[in-house]
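Working notes for the structure below.
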Amino acid sequence: MAEFPSEVTALLKTASDRSKKAQNRFVCRAFKSAEWNQFTEEWASRAYVFVANAFGGYQKEPRVEIISMHDGAHSAGANASFDPSTGQITLSSVMEGNPGCTLEKITHELTHAALAAFPEDTFYEEGYVDYSVWVMAHAPAWEPYRTQMIDSAAFNIETRRDRALRAGSDWDRKRWAGGLHANLAYGPYIIPRLRQKKMEGDFTW
């Protein structure tokens, strides 16, 4: 388990404590399993409160309904998405039964919603969100699935690295490089840094 600076640890703990009081907000229709839809509804509601407290609110409110991702999008390599114009979150059926992946993808898409006023950019937006989710995965909010979520967030970054270094597209290279830059330049302070920028109205990465 990674050790973070006290400022970051305190921020993650506060967001975790507040997420425990979350009321059900979402309706999930992404999976065939009613049980996994219910699991996702509960944890998406917790993640919604957690991310709002970590980043200081949402710049694009996510829609209440979470829907299934089209097979074509998944075939292209996506497991989840957030539409910044509508607030729609979609999830792929492949994560059904996998709590770590489900929590990681929900948190990833909610982070896009929290940072929606920042410009879309593969290097900064995608790379910074990838790394930010790995940091947030260490919060106590995700118990008893915290270890699985950390592993899923790390696997996501490792996959980006492998694609970038082997036969990846320019998009893969930029995304992995952006996450690496966030790690080396800011480390876990990436979360309070982006939160502060939002409070100051500075929407530059």
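By convention in this document, the chains of the structure tokens carry letters A, B, ... by their order, each chain's residues are numbered from 1, and ligands are numbered from 1 in the order they are shown.
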
Which residues of region 97-183 of chain A have any atom within 10 Å of an atom in region 39-43 of chain A when counting only C-alpha atoms, and what is the closest pair of atoms for each, with the distance in Å to one decimal? Order the rows by chain and rising number and write it as a Markdown table.
```
| residue | atom | partner | partner_atom | distance |
| --- | --- | --- | --- | --- |
| A:Gly97 | CA | A:Phe39 | CA | 9.4 |
| A:Pro99 | CA | A:Phe39 | CA | 8.6 |
| A:Thr102 | CA | A:Thr40 | CA | 7.3 |
| A:Leu103 | CA | A:Trp43 | CA | 7.0 |
| A:Ile106 | CA | A:Trp43 | CA | 8.4 |
| A:Thr107 | CA | A:Trp43 | CA | 9.5 |
| A:Ala141 | CA | A:Trp43 | CA | 9.9 |
| A:Trp142 | CA | A:Trp43 | CA | 8.6 |
```

>> Residues within 8 Å of Val94 (chain A), please, as a VMD selection string. Count only C-alpha atoms; anything in the same chain fewer than 2 positions from it doesn't count.
In response: chain A and resid 79 92 96

>> Can you tell me, as a PyMOL selection string, which residues in region 91-203 of chain A count as helix (DSSP H, G or I) by DSSP?
In response: chain A and resi 93-95+99-114+122-136+140-142+146-165+170-185+187-200

Now that the selection is made, can you save its residues with C-alpha atoms as a compact mmCIF listing (two decimals), in the first residue's frame?
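Heads up, here's the output in again-v6.txt:
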```
# COMPACT_ATOMS: atom_id res chain seq x y z
CA SER A 93 -20.77 -5.74 -19.35
CA VAL A 94 -17.26 -7.24 -19.06
CA MET A 95 -16.86 -5.79 -15.57
CA PRO A 99 -15.83 -5.15 -7.92
CA GLY A 100 -12.36 -3.66 -8.32
CA CYS A 101 -12.83 -2.89 -12.00
CA THR A 102 -16.37 -1.62 -11.47
CA LEU A 103 -15.33 0.81 -8.74
CA GLU A 104 -12.29 1.97 -10.69
CA LYS A 105 -14.29 2.67 -13.87
CA ILE A 106 -17.12 4.43 -12.02
CA THR A 107 -14.61 6.65 -10.21
CA HIS A 108 -12.76 7.30 -13.46
CA GLU A 109 -15.88 8.53 -15.25
CA LEU A 110 -17.04 10.60 -12.27
CA THR A 111 -13.60 12.24 -12.21
CA HIS A 112 -14.15 13.31 -15.82
CA ALA A 113 -17.44 14.87 -14.67
CA ALA A 114 -15.71 16.68 -11.81
CA THR A 122 -5.36 13.11 -24.35
CA PHE A 123 -2.07 13.87 -22.59
CA TYR A 124 -3.45 15.89 -19.71
CA GLU A 125 -7.08 14.88 -19.31
CA GLU A 126 -6.84 11.13 -19.81
CA GLY A 127 -3.38 10.70 -18.33
CA TYR A 128 -4.12 12.87 -15.29
CA VAL A 129 -7.42 11.10 -14.65
CA ASP A 130 -5.77 7.67 -14.91
CA TYR A 131 -3.20 8.63 -12.28
CA SER A 132 -5.71 10.48 -10.08
CA VAL A 133 -7.92 7.41 -9.92
CA TRP A 134 -4.95 5.30 -8.81
CA VAL A 135 -4.33 7.78 -5.98
CA MET A 136 -8.00 7.84 -4.96
CA PRO A 140 -10.59 3.81 2.89
CA ALA A 141 -13.91 4.54 1.15
CA TRP A 142 -13.58 1.46 -1.03
CA ARG A 146 -9.87 -1.30 -1.88
CA THR A 147 -7.09 -3.72 -2.82
CA GLN A 148 -8.98 -4.87 -5.92
CA MET A 149 -9.60 -1.27 -6.94
CA ILE A 150 -5.93 -0.36 -6.53
CA ASP A 151 -4.99 -3.38 -8.63
CA SER A 152 -7.50 -2.41 -11.31
CA ALA A 153 -6.26 1.18 -11.46
CA ALA A 154 -2.65 -0.03 -11.67
CA PHE A 155 -3.56 -2.53 -14.37
CA ASN A 156 -5.20 0.25 -16.39
CA ILE A 157 -1.97 2.28 -16.28
CA GLU A 158 0.16 -0.79 -17.06
CA THR A 159 -2.04 -1.54 -20.07
CA ARG A 160 -1.53 2.02 -21.34
CA ARG A 161 2.24 1.64 -20.90
CA ASP A 162 2.35 -1.69 -22.73
CA ARG A 163 0.31 -0.34 -25.64
CA ALA A 164 2.43 2.82 -25.80
CA LEU A 165 5.77 1.02 -25.78
CA ASP A 170 -0.20 8.12 -30.78
CA TRP A 171 -3.27 8.36 -28.50
CA ASP A 172 -1.98 5.53 -26.31
CA ARG A 173 1.46 7.12 -26.09
CA LYS A 174 0.07 10.51 -25.09
CA ARG A 175 -2.27 9.02 -22.50
CA TRP A 176 0.44 6.96 -20.83
CA ALA A 177 2.91 9.86 -20.97
CA GLY A 178 0.34 12.16 -19.37
CA GLY A 179 -0.17 9.82 -16.45
CA LEU A 180 3.59 9.44 -16.05
CA HIS A 181 3.98 13.22 -16.06
CA ALA A 182 1.30 13.58 -13.37
CA ASN A 183 3.11 11.00 -11.25
CA LEU A 184 6.58 12.52 -11.60
CA ALA A 185 5.58 16.19 -11.53
CA GLY A 187 2.62 12.72 -7.28
CA PRO A 188 -0.40 12.31 -4.96
CA TYR A 189 -0.63 16.11 -4.74
CA ILE A 190 -2.38 15.92 -8.12
CA ILE A 191 -5.73 15.72 -6.28
CA PRO A 192 -5.41 18.85 -4.07
CA ARG A 193 -3.69 20.66 -6.95
CA LEU A 194 -6.62 20.18 -9.33
CA ARG A 195 -9.08 20.94 -6.53
CA GLN A 196 -7.32 24.24 -5.83
CA LYS A 197 -7.25 25.16 -9.50
CA LYS A 198 -11.01 24.66 -9.68
CA MET A 199 -11.56 26.86 -6.63
CA GLU A 200 -9.49 29.60 -8.26
```

> When DSSP works through the backbone of this structure, what residues of region 12-198 of chain A end up as strand (DSSP E or B), shown as a count of residues only?
Replying inline: 12

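Minimum distance to Val51 (chain A) across A:Ala34, A:Ala15, A:Val8, A:Ala80 (counting only C-alpha atoms) occurs at A:Ala15.
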
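Proximity ranking of A:Ala47, A:Asp83, A:Ala117, A:Asn37 relative to Ser19 (chain A) places A:Ala47 first, based on only C-alpha atoms.
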
> Which one of A:Ser6, A:Ser45, A:Thr204, A:Ser85 sits closest to Val27 (chain A) if you count only C-alpha atoms?
Replying inline: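 Closest candidate: A:Ser45.
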
>> What does the structure give for the distance between CA of Met69 (chain A) and CA of Lys32 (chain A), in Å to one decimal?
In response: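 About the pair CA of Met69 (chain A) and CA of Lys32 (chain A): they are 12.4 Å apart.
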
>> To one decimal place in Å, what is the distance between CA of Ala22 (chain A) and CA of Ala2 (chain A)?
In response: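 So the two atoms, CA of Ala22 (chain A) and CA of Ala2 (chain A), lie 26.4 Å apart.
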
Which neighbours of Ala30 (chain A) fall inside 6 Å, counting only C-alpha atoms, when residues of the same chain fewer than 2 positions from it are skipped, and could you give them as a PDB file with N, CA, C and O atoms, in the first residue's frame?
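Result file is out10.pdb:
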```pdb
ATOM      1  N   CYS A  28     -28.885   1.832 -12.332  1.00  0.00           N
ATOM      2  CA  CYS A  28     -27.983   1.169 -13.273  1.00  0.00           C
ATOM      3  C   CYS A  28     -28.732   0.139 -14.094  1.00  0.00           C
ATOM      4  O   CYS A  28     -29.410  -0.733 -13.555  1.00  0.00           O
ATOM      5  N   ILE A  67     -25.985   3.382 -18.193  1.00  0.00           N
ATOM      6  CA  ILE A  67     -26.442   2.449 -19.222  1.00  0.00           C
ATOM      7  C   ILE A  67     -25.288   1.588 -19.737  1.00  0.00           C
ATOM      8  O   ILE A  67     -24.126   1.824 -19.425  1.00  0.00           O
ATOM      9  N   SER A  68     -25.660   0.609 -20.538  1.00  0.00           N
ATOM     10  CA  SER A  68     -24.691  -0.344 -21.068  1.00  0.00           C
ATOM     11  C   SER A  68     -23.951   0.229 -22.276  1.00  0.00           C
ATOM     12  O   SER A  68     -24.542   0.924 -23.106  1.00  0.00           O
TER      13      SER A  68
END
```
